[in-house]
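The structure appears right after this line, and notes come after that.
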Amino acid sequence: DGHPDLGDNPLDGPLDRVRVDDSGRELTTNQGVKVADNQDSLKIGLRGPTAMEDFILREKITHFDHERIPERVVHARGSAAHGYFESYADHSAITRASLLGEAGKRTPVFVRFSTVAGERGSADTVRDVRGFAVKFYTDQGNWDLVGNNIPVFFIQDAMKFPDLIHAVKPEPHNGMPQAASAHDTFWDFASLSPEITHMLMWHTSDRAIPRSYRMMQGFGVHTFRLVNAQGASLFCKFHWTPMAGTHSLVWDEAARLTGADPDYHRRDLWEAIEAGQFPEWELGVQTFSAEQAAQFPFDVLDPTKLVPEEMVPVRPLGKLVLDRNPDNFFAETEQVAFCAAHVVPGIDFSDDPLLQGRIHSYIDTQISRLGGANFHEIPINTPLAQIHNNQRDGMHRQSLNRGRVSYEPNSLAGGCPFQAGAAGFTSFPEPLTAAKVRGKPELFADHYSQARLFWNSQTAVEQNHIIAAFRFELTRVQTPAIRRRVLAGLVNVAQKLAQGVADGLGMEVPPPLPLATDLPIHNYPPSSALSLFSR
Ligand code: HEM
């Protein structure tokens with residue numbers, strides 16, 4: 001039929017329905033009427049005005065006028081690929097998620113990598129966090145693990161997310177800078193939000209300028225839950241480890257590439273897959289009980305903290321292989337809708353207040369980005385598991401549900417869907433009794449211990465890169481008070497760091513920012529630090 005041979009990927013079924021082969025066909029309008037002349041509009045005389053009647057011209061221009069959709073409010077710039085996830089073993093002791101239930105079981109995936117701050121056409125090799133979003137088309141429905149390449153986040157509560165993004169995005173009066181954190185509003189916000197300190201260490205390190213998407217780690221960031229068929233639950237942290245190793249660019253390479261080849265990461269991913277060098281990652285989890293979590297010197301619901309691997313080793317679950325480029329960037333990479341709320345039986349949320357807010361945000365933004373409530377019907381978003389429910393209508397509805405009945409309970413329908421009971425998703429019945437309040441748990445206020453852990457984990461060369469990155473960023477900051485506040489925060493991480501940055505800026509090291517808590521800065525054993533990079 002002229003389609004490329006796509007192998008036996010089960011996702012080909014849904015995508016095949018919409019694949020179009022135009023080669024060697026006669027051109028038509030959207031109504032299927034053949035077009036005689038695609039070069040010239042209909043005119044009153046060859047030198048006369050164009051006739052309003054030219055429905056062919058008008059359809060063509062009208063469609064073109066509406067080609068663009070809004071870009072993602074964050075993570076606008078990205079690249080994606082198809083592949084599969086293969087479970088190493090039967091992991092049903094820890095989760096009833098079927099994709100992990102059998103050795104060798106393969107589940108199709110679509111994975112999108114992205115930068116956070118830049119616009120859709122911005123450069124790839126900027127200093128930024130990278131998104132690492134995986135859609136698993138499991139036989140229990142879609143599971144989206146919408147992660148980043150850095151295991152911690154800037155803030156602790158969804159309430160601050162719009163502020164963070166307003167601060168990091170180009171400044172609203174002049175639209176600058178593009179795709180960079182090096183400006184006053186970002187550092188103003190950062191210097192007034194000490195919970196950002198751990199993330200700043202990663203953000204100024206080589207981790208924020210990956211060499212390739214194929215050479216990045218990925219993290220679920222939040223604590224999640226795994227639940228097995230008996231209802232037993234463990235907390236977990238998800239890790240993706242690249243088989244090619246974790247590699248970064250140095251700043252001078254990144255800066256040069258941003259000019260010479262803004263598509264550097266997109267091209268690298270595309271070309272590796274075209275060449276048959278399929279990138280691979282291992283999925284692992286750190287699992288721990290609520291009782292263990294209660295002993296940690298940090299709160300596992302705080303997304304600015306990681307769980308050091310000495311405390312809880314990473315257990316490998318399976319591997320991810322990306323083996324096919326998309327057919328169409330817009331249809332797949334642009335229209336894919338990942339969502340932190342998409343979980344399957346066996347995977348559940350924790351009460352991390354950042355994650356709780358994400359559960360709302362993704363579907364909400366996609367209703368406006370993808371034009372209404374039916375974007376789950378766009379082929380790249382459609383699960384392989386079947387959809388049966390009483391949801392109806394809305395903009396661009398494709399499904400042709402039949403019969404009189406779209407409600408429950410009913411006595412009229414023959415084949416109305418019924419609730420699945422034990423086979424369906426059941427939230428982990430976490431017992432909770434507490435006052436309804438705004439605020440934070442005490443350990444959330446320890447902003448420096450893990451920032452120091454990260455700093456101590458770095459070699460002298462890497463520490464110098466961090467100092468150089470702070471200097472570069474802060475020389476772009478016009479307001480002296482902001483620079484001073486950033487330096488005052490760094491004193492709490494390491495004197496050497498604060499001194500190195502201050503020297504570069506020609507400033508004195510100020511007194512440290514007061515700690516937000518009576519808790520002392522926790523000193524992790526040195527080995528904890530080293531093993532962050534042991535692989
Ligand atoms: C994309 C919101 C935190 C990873 C997005 C989008 C929104 C959003 C609105 C655009 C989605 C779209 O248009 O399809 C939020 C909110 C957060 C938050 C409100 C905190 C309260 C995080 C965190 C991570 C993350 C902690 C990493 C663990 C991503 C990724 C994408 C994304 C990877 C891009 C997905 C894609 O490739 O399409 N986020 N986000 N976000 N977010 Fe978040």
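FYI, nothing fancy with the structure tokens labels: chains A, B, ... in order, residues from 1 per chain, ligands from 1 as they appear.
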Residues within 7 Å of ligand 1 (only C-alpha atoms and all ligand atoms), as a PyMOL selection string? chain A and resi 72-75+78+112-114+131-133+146-148+153+157-159+161+219-222+336-338+354-355+357-358+361-362+365-366+369
Could you save those same residues with C-alpha atoms as a PDB file, in the first residue's frame?
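Saved file selection-v6.pdb follows:
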```
ATOM      1  CA  ARG A  72       3.233  24.110  25.360  1.00  0.00           C
ATOM      2  CA  VAL A  73       3.289  26.681  28.165  1.00  0.00           C
ATOM      3  CA  VAL A  74       6.495  24.955  29.331  1.00  0.00           C
ATOM      4  CA  HIS A  75       8.627  22.313  27.569  1.00  0.00           C
ATOM      5  CA  GLY A  78      11.136  18.912  22.144  1.00  0.00           C
ATOM      6  CA  ARG A 112       9.501  13.060  24.213  1.00  0.00           C
ATOM      7  CA  PHE A 113      12.594  14.910  25.385  1.00  0.00           C
ATOM      8  CA  SER A 114      12.417  18.662  25.839  1.00  0.00           C
ATOM      9  CA  GLY A 131      12.057  16.825  30.121  1.00  0.00           C
ATOM     10  CA  PHE A 132      12.000  13.028  29.809  1.00  0.00           C
ATOM     11  CA  ALA A 133       8.375  12.056  29.218  1.00  0.00           C
ATOM     12  CA  VAL A 146       6.468  12.570  32.931  1.00  0.00           C
ATOM     13  CA  GLY A 147       9.936  13.087  34.331  1.00  0.00           C
ATOM     14  CA  ASN A 148      13.033  15.251  34.011  1.00  0.00           C
ATOM     15  CA  PHE A 153      12.817  20.267  41.364  1.00  0.00           C
ATOM     16  CA  ASP A 157       4.410  23.148  46.149  1.00  0.00           C
ATOM     17  CA  ALA A 158       2.296  23.511  43.001  1.00  0.00           C
ATOM     18  CA  MET A 159       1.140  26.882  44.318  1.00  0.00           C
ATOM     19  CA  PHE A 161       4.721  26.838  39.763  1.00  0.00           C
ATOM     20  CA  PHE A 219      13.847  10.694  36.980  1.00  0.00           C
ATOM     21  CA  GLY A 220      10.218  10.616  38.061  1.00  0.00           C
ATOM     22  CA  VAL A 221      11.355  13.187  40.673  1.00  0.00           C
ATOM     23  CA  HIS A 222       8.432  12.768  43.073  1.00  0.00           C
ATOM     24  CA  VAL A 336       1.245  14.115  22.108  1.00  0.00           C
ATOM     25  CA  ALA A 337      -0.290  14.906  25.492  1.00  0.00           C
ATOM     26  CA  PHE A 338       1.582  13.527  28.482  1.00  0.00           C
ATOM     27  CA  LEU A 354       3.962  19.454  43.746  1.00  0.00           C
ATOM     28  CA  LEU A 355       2.757  16.162  42.262  1.00  0.00           C
ATOM     29  CA  GLY A 357      -0.903  20.008  41.611  1.00  0.00           C
ATOM     30  CA  ARG A 358       0.477  18.373  38.467  1.00  0.00           C
ATOM     31  CA  SER A 361      -2.446  20.883  35.348  1.00  0.00           C
ATOM     32  CA  TYR A 362      -1.715  18.716  32.306  1.00  0.00           C
ATOM     33  CA  THR A 365      -3.599  22.961  29.685  1.00  0.00           C
ATOM     34  CA  GLN A 366      -4.152  20.383  26.938  1.00  0.00           C
ATOM     35  CA  ARG A 369      -3.555  23.570  23.628  1.00  0.00           C
TER      36      ARG A 369
END
```
Just the alpha helix (DSSP H) stuff from range 110-334 of chain A, please, per backbone DSSP, written as number ranges by chain. A: 161-168, 184-191, 197-203, 251-260, 264-274, 290-295
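For Gly104 in chain A, the residues within 9 Å (counting only C-alpha atoms, excluding itself and residues fewer than 5 positions away along the chain) are A:Glu86, A:Ser87, A:Tyr88, A:Ala89, A:Asp90, A:Gly318.
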Using DSSP on the backbone, list every residue of range 35-159 of chain A that comes out as strand (DSSP E or B), and give them as a PyMOL selection string. chain A and resi 43+50+78-87+106-115+130-138+141-148
Would you write out those residues with N, CA and C atoms, as a tab-separated table (two decimals), in the first residue's frame?
```tsv
chain	number	residue	atom	x	y	z
A	43	LYS	N	-9.16	34.58	-11.58
A	43	LYS	CA	-9.16	36.05	-11.71
A	43	LYS	C	-10.14	36.51	-12.77
A	50	THR	N	-8.86	38.97	-7.95
A	50	THR	CA	-9.21	37.57	-7.67
A	50	THR	C	-10.68	37.46	-7.31
A	78	GLY	N	10.86	20.31	21.84
A	78	GLY	CA	11.14	18.91	22.14
A	78	GLY	C	11.26	18.05	20.91
A	79	SER	N	11.69	16.82	21.13
A	79	SER	CA	11.88	15.82	20.08
A	79	SER	C	11.45	14.48	20.64
A	80	ALA	N	10.92	13.63	19.76
A	80	ALA	CA	10.35	12.39	20.29
A	80	ALA	C	10.64	11.20	19.39
A	81	ALA	N	10.44	10.02	19.93
A	81	ALA	CA	10.64	8.79	19.16
A	81	ALA	C	9.78	7.67	19.74
A	82	HIS	N	9.51	6.69	18.88
A	82	HIS	CA	8.78	5.49	19.28
A	82	HIS	C	9.74	4.40	19.72
A	83	GLY	N	9.24	3.47	20.49
A	83	GLY	CA	10.06	2.33	20.89
A	83	GLY	C	9.26	1.39	21.75
A	84	TYR	N	9.97	0.63	22.56
A	84	TYR	CA	9.27	-0.30	23.44
A	84	TYR	C	9.97	-0.38	24.78
A	85	PHE	N	9.20	-0.81	25.77
A	85	PHE	CA	9.76	-1.11	27.10
A	85	PHE	C	9.66	-2.61	27.29
A	86	GLU	N	10.73	-3.21	27.79
A	86	GLU	CA	10.72	-4.66	28.03
A	86	GLU	C	11.06	-4.94	29.49
A	87	SER	N	10.16	-5.65	30.14
A	87	SER	CA	10.39	-5.97	31.56
A	87	SER	C	11.44	-7.07	31.67
A	106	ARG	N	6.80	-6.92	26.33
A	106	ARG	CA	7.08	-5.64	25.66
A	106	ARG	C	5.85	-4.76	25.60
A	107	THR	N	6.04	-3.50	25.89
A	107	THR	CA	4.97	-2.50	25.85
A	107	THR	C	5.43	-1.36	24.95
A	108	PRO	N	4.63	-0.96	23.95
A	108	PRO	CA	5.04	0.15	23.10
A	108	PRO	C	5.10	1.46	23.88
A	109	VAL	N	6.04	2.33	23.49
A	109	VAL	CA	6.17	3.62	24.16
A	109	VAL	C	6.36	4.73	23.13
A	110	PHE	N	6.01	5.94	23.53
A	110	PHE	CA	6.40	7.14	22.78
A	110	PHE	C	7.07	8.06	23.80
A	111	VAL	N	8.28	8.53	23.48
A	111	VAL	CA	9.08	9.28	24.45
A	111	VAL	C	9.40	10.65	23.87
A	112	ARG	N	9.15	11.70	24.67
A	112	ARG	CA	9.50	13.06	24.21
A	112	ARG	C	10.48	13.70	25.18
A	113	PHE	N	11.60	14.17	24.62
A	113	PHE	CA	12.59	14.91	25.38
A	113	PHE	C	12.41	16.39	25.08
A	114	SER	N	12.71	17.25	26.05
A	114	SER	CA	12.42	18.66	25.84
A	114	SER	C	13.32	19.54	26.69
A	115	THR	N	13.39	20.83	26.32
A	115	THR	CA	13.89	21.83	27.25
A	115	THR	C	12.67	22.46	27.93
A	130	ARG	N	16.02	19.21	31.29
A	130	ARG	CA	15.44	18.52	30.15
A	130	ARG	C	14.26	17.66	30.62
A	131	GLY	N	13.17	17.72	29.86
A	131	GLY	CA	12.06	16.83	30.12
A	131	GLY	C	12.36	15.45	29.57
A	132	PHE	N	11.81	14.43	30.22
A	132	PHE	CA	12.00	13.03	29.81
A	132	PHE	C	10.64	12.38	30.04
A	133	ALA	N	9.76	12.48	29.04
A	133	ALA	CA	8.37	12.06	29.22
A	133	ALA	C	8.13	10.76	28.44
A	134	VAL	N	7.63	9.76	29.13
A	134	VAL	CA	7.42	8.45	28.52
A	134	VAL	C	5.94	8.09	28.60
A	135	LYS	N	5.36	7.79	27.44
A	135	LYS	CA	3.98	7.29	27.41
A	135	LYS	C	4.06	5.79	27.13
A	136	PHE	N	3.62	5.00	28.11
A	136	PHE	CA	3.58	3.53	27.96
A	136	PHE	C	2.15	3.17	27.53
A	137	TYR	N	2.01	2.54	26.35
A	137	TYR	CA	0.68	2.11	25.90
A	137	TYR	C	0.44	0.70	26.46
A	138	THR	N	0.13	0.60	27.74
A	138	THR	CA	0.04	-0.72	28.39
A	138	THR	C	-1.33	-1.34	28.12
A	141	GLY	N	-4.14	0.32	29.94
A	141	GLY	CA	-4.34	1.75	29.67
A	141	GLY	C	-3.00	2.47	29.68
A	142	ASN	N	-3.04	3.75	29.35
A	142	ASN	CA	-1.79	4.51	29.22
A	142	ASN	C	-1.25	4.93	30.59
A	143	TRP	N	0.05	4.71	30.74
A	143	TRP	CA	0.77	5.23	31.90
A	143	TRP	C	1.80	6.24	31.38
A	144	ASP	N	1.75	7.46	31.87
A	144	ASP	CA	2.73	8.47	31.49
A	144	ASP	C	3.66	8.74	32.66
A	145	LEU	N	4.94	8.48	32.45
A	145	LEU	CA	5.94	8.83	33.46
A	145	LEU	C	6.60	10.12	32.96
A	146	VAL	N	6.10	11.26	33.47
A	146	VAL	CA	6.47	12.57	32.93
A	146	VAL	C	7.58	13.14	33.80
A	147	GLY	N	8.82	12.77	33.46
A	147	GLY	CA	9.94	13.09	34.33
A	147	GLY	C	10.89	14.10	33.73
A	148	ASN	N	11.97	14.33	34.44
A	148	ASN	CA	13.03	15.25	34.01
A	148	ASN	C	14.37	14.54	34.08
```
Selected residue of minimal separation from Ser248 in chain A among A:Ala340, A:Ala469, A:Leu234, A:Met215, counting only C-alpha atoms: A:Met215
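Distances here use only C-alpha atoms; by that measure, the residue among A:Pro14, A:Pro353, A:Ile466, A:Ile380 closest to Lys440 in chain A is A:Pro353.
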Quick one: which range 177-218 of chain A residues come within 9 Å of range 486-509 of chain A, and what is the nearest atom pair for each with the distance in Å to one decimal, counting only C-alpha atoms, rows ordered by chain and ascending number, as JSON lines?
```
{"residue": "A:Trp187", "atom": "CA", "partner": "A:Val486", "partner_atom": "CA", "distance": 7.5}
{"residue": "A:Asp188", "atom": "CA", "partner": "A:Val486", "partner_atom": "CA", "distance": 8.5}
{"residue": "A:Ala190", "atom": "CA", "partner": "A:Val486", "partner_atom": "CA", "distance": 7.6}
{"residue": "A:Ser191", "atom": "CA", "partner": "A:Val486", "partner_atom": "CA", "distance": 5.0}
{"residue": "A:Leu192", "atom": "CA", "partner": "A:Val486", "partner_atom": "CA", "distance": 8.5}
{"residue": "A:Pro194", "atom": "CA", "partner": "A:Gly489", "partner_atom": "CA", "distance": 7.1}
{"residue": "A:Thr197", "atom": "CA", "partner": "A:Gly489", "partner_atom": "CA", "distance": 7.6}
{"residue": "A:His198", "atom": "CA", "partner": "A:Val493", "partner_atom": "CA", "distance": 9.0}
```
For C-alpha atoms, I'd like the residues from the last selection saved as a PDB file, in the first residue's frame.
```pdb
ATOM      1  CA  TRP A 187      17.532  35.080  39.877  1.00  0.00           C
ATOM      2  CA  ASP A 188      15.261  37.439  41.782  1.00  0.00           C
ATOM      3  CA  ALA A 190      15.588  32.129  42.987  1.00  0.00           C
ATOM      4  CA  SER A 191      17.256  34.342  45.577  1.00  0.00           C
ATOM      5  CA  LEU A 192      13.955  34.727  47.435  1.00  0.00           C
ATOM      6  CA  PRO A 194      15.783  29.150  49.274  1.00  0.00           C
ATOM      7  CA  THR A 197      19.175  25.807  46.267  1.00  0.00           C
ATOM      8  CA  HIS A 198      19.584  22.069  45.649  1.00  0.00           C
TER       9      HIS A 198
END
```
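Here CA of Arg68 in chain A stands at a distance of 28.7 Å from CA of Phe186 in chain A.
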Counting only C-alpha atoms, what is within 9 Å of Pro526 in chain A, bar same-chain residues fewer than 6 positions away, as a VMD selection string? chain A and resid 453 456 to 457
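Among the candidates A:Glu473, A:Glu280, A:Asp446, A:Glu171, the residue lying nearest to Pro242 in chain A is A:Glu280 (atoms considered: only C-alpha atoms).
Counting only C-alpha atoms and comparing A:Gly32, A:Gly175, A:Gly439, A:Pro345, the residue that lies closest to Ala422 in chain A is A:Pro345.
Between Phe418 in chain A and the residues A:Asp323, A:Phe375, A:Asn390, A:Glu310, the shortest atom-to-atom distance, using only C-alpha atoms, involves A:Asn390.
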Would you list the contacts of Lys169 in chain A as a PDB file with N, CA and C atoms, in the first residue's frame, taking every protein, DNA or RNA residue within 10 Å and counting only C-alpha atoms, but skipping same-chain residues closer than 3 positions in sequence?
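Below you can see around_32.pdb, which holds the result:
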```
ATOM      1  N   VAL A  73       2.980  25.521  27.309  1.00  0.00           N
ATOM      2  CA  VAL A  73       3.289  26.681  28.165  1.00  0.00           C
ATOM      3  C   VAL A  73       4.677  26.527  28.803  1.00  0.00           C
ATOM      4  N   VAL A  74       5.102  25.301  29.002  1.00  0.00           N
ATOM      5  CA  VAL A  74       6.495  24.955  29.331  1.00  0.00           C
ATOM      6  C   VAL A  74       6.873  23.753  28.482  1.00  0.00           C
ATOM      7  N   VAL A 116      12.864  23.210  28.985  1.00  0.00           N
ATOM      8  CA  VAL A 116      11.725  23.742  29.734  1.00  0.00           C
ATOM      9  C   VAL A 116      11.375  25.169  29.320  1.00  0.00           C
ATOM     10  N   ALA A 117      12.384  26.047  29.268  1.00  0.00           N
ATOM     11  CA  ALA A 117      12.080  27.474  29.235  1.00  0.00           C
ATOM     12  C   ALA A 117      11.904  28.037  27.829  1.00  0.00           C
ATOM     13  N   GLY A 118      12.643  27.512  26.861  1.00  0.00           N
ATOM     14  CA  GLY A 118      12.677  28.124  25.542  1.00  0.00           C
ATOM     15  C   GLY A 118      11.394  27.923  24.764  1.00  0.00           C
ATOM     16  N   GLU A 119      11.231  28.747  23.729  1.00  0.00           N
ATOM     17  CA  GLU A 119      10.066  28.616  22.869  1.00  0.00           C
ATOM     18  C   GLU A 119      10.284  27.470  21.885  1.00  0.00           C
ATOM     19  N   LEU A 164       7.302  30.480  39.386  1.00  0.00           N
ATOM     20  CA  LEU A 164       8.590  29.991  38.887  1.00  0.00           C
ATOM     21  C   LEU A 164       8.684  30.191  37.375  1.00  0.00           C
ATOM     22  N   ILE A 165       7.635  29.799  36.665  1.00  0.00           N
ATOM     23  CA  ILE A 165       7.692  29.851  35.200  1.00  0.00           C
ATOM     24  C   ILE A 165       7.637  31.297  34.710  1.00  0.00           C
ATOM     25  N   HIS A 166       6.848  32.134  35.362  1.00  0.00           N
ATOM     26  CA  HIS A 166       6.851  33.551  34.975  1.00  0.00           C
ATOM     27  C   HIS A 166       8.236  34.166  35.188  1.00  0.00           C
ATOM     28  N   PRO A 172       8.470  39.758  30.370  1.00  0.00           N
ATOM     29  CA  PRO A 172       7.269  40.090  29.598  1.00  0.00           C
ATOM     30  C   PRO A 172       7.332  41.419  28.859  1.00  0.00           C
ATOM     31  N   GLY A 175      10.524  40.370  26.040  1.00  0.00           N
ATOM     32  CA  GLY A 175      10.632  39.031  25.446  1.00  0.00           C
ATOM     33  C   GLY A 175      12.037  38.472  25.440  1.00  0.00           C
ATOM     34  N   MET A 176      12.870  38.854  26.395  1.00  0.00           N
ATOM     35  CA  MET A 176      14.232  38.329  26.478  1.00  0.00           C
ATOM     36  C   MET A 176      14.499  37.844  27.900  1.00  0.00           C
ATOM     37  N   PRO A 177      15.463  36.968  28.084  1.00  0.00           N
ATOM     38  CA  PRO A 177      16.219  36.277  27.052  1.00  0.00           C
ATOM     39  C   PRO A 177      15.503  35.007  26.652  1.00  0.00           C
ATOM     40  N   GLN A 178      15.833  34.497  25.494  1.00  0.00           N
ATOM     41  CA  GLN A 178      15.223  33.284  24.969  1.00  0.00           C
ATOM     42  C   GLN A 178      15.984  32.074  25.520  1.00  0.00           C
ATOM     43  N   ALA A 179      15.245  31.163  26.127  1.00  0.00           N
ATOM     44  CA  ALA A 179      15.827  29.881  26.512  1.00  0.00           C
ATOM     45  C   ALA A 179      17.024  29.992  27.433  1.00  0.00           C
ATOM     46  N   ALA A 180      16.970  30.843  28.407  1.00  0.00           N
ATOM     47  CA  ALA A 180      18.083  30.928  29.347  1.00  0.00           C
ATOM     48  C   ALA A 180      17.587  31.452  30.674  1.00  0.00           C
ATOM     49  N   SER A 181      18.242  30.987  31.754  1.00  0.00           N
ATOM     50  CA  SER A 181      17.853  31.456  33.074  1.00  0.00           C
ATOM     51  C   SER A 181      18.648  32.695  33.461  1.00  0.00           C
ATOM     52  N   HIS A 183      18.969  35.886  33.753  1.00  0.00           N
ATOM     53  CA  HIS A 183      18.372  37.223  33.757  1.00  0.00           C
ATOM     54  C   HIS A 183      17.776  37.532  35.126  1.00  0.00           C
ATOM     55  N   THR A 185      14.843  38.374  36.437  1.00  0.00           N
ATOM     56  CA  THR A 185      13.620  37.866  37.068  1.00  0.00           C
ATOM     57  C   THR A 185      13.828  36.455  37.606  1.00  0.00           C
ATOM     58  N   PHE A 186      14.559  35.607  36.853  1.00  0.00           N
ATOM     59  CA  PHE A 186      14.797  34.257  37.366  1.00  0.00           C
ATOM     60  C   PHE A 186      15.588  34.304  38.668  1.00  0.00           C
TER      61      PHE A 186
END
```
Rounded to one decimal place, report the CA of Tyr524 in chain A-CA of Ile155 in chain A distance in Å. 21.8 Å
Long-range neighbours of Gly276 in chain A as an mmCIF file with N, CA and C atoms, in the first residue's frame, 10 Å cut-off, only C-alpha atoms, 4 positions minimum in chain:
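Output contents, as saved in out33.cif:
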```cif
data_model
loop_
_atom_site.group_PDB
_atom_site.id
_atom_site.type_symbol
_atom_site.label_atom_id
_atom_site.label_comp_id
_atom_site.auth_asym_id
_atom_site.auth_seq_id
_atom_site.Cartn_x
_atom_site.Cartn_y
_atom_site.Cartn_z
ATOM 1 N N GLU A 271 19.206 11.005 13.915
ATOM 2 C CA GLU A 271 20.203 10.305 13.102
ATOM 3 C C GLU A 271 20.618 8.979 13.734
ATOM 4 N N ALA A 272 20.700 8.932 15.045
ATOM 5 C CA ALA A 272 21.063 7.663 15.696
ATOM 6 C C ALA A 272 20.009 6.603 15.377
ATOM 7 N N LEU A 322 14.475 2.929 21.958
ATOM 8 C CA LEU A 322 13.811 3.805 20.978
ATOM 9 C C LEU A 322 14.291 3.398 19.594
ATOM 10 N N ASP A 323 13.372 2.887 18.771
ATOM 11 C CA ASP A 323 13.808 2.287 17.509
ATOM 12 C C ASP A 323 13.080 2.831 16.281
ATOM 13 N N ARG A 324 12.284 3.883 16.435
ATOM 14 C CA ARG A 324 11.604 4.392 15.246
ATOM 15 C C ARG A 324 11.310 5.876 15.393
#
```
Spatial neighbours of Ile150 in chain A, max dist 12 Å, only C-alpha atoms, sep filter under 4 positions, as a ChimeraX atom specification: /A:115,128-132,154,198-210,216-222,238-241,246,303-306,454,532
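Distance check against Gly346 in chain A using only C-alpha atoms: of A:Cys236, A:Leu283, A:Ala123, A:Ala460, the minimum falls on A:Cys236.
Between CA of Pro10 in chain A and CA of Ser92 in chain A lies a distance of 23.4 Å.
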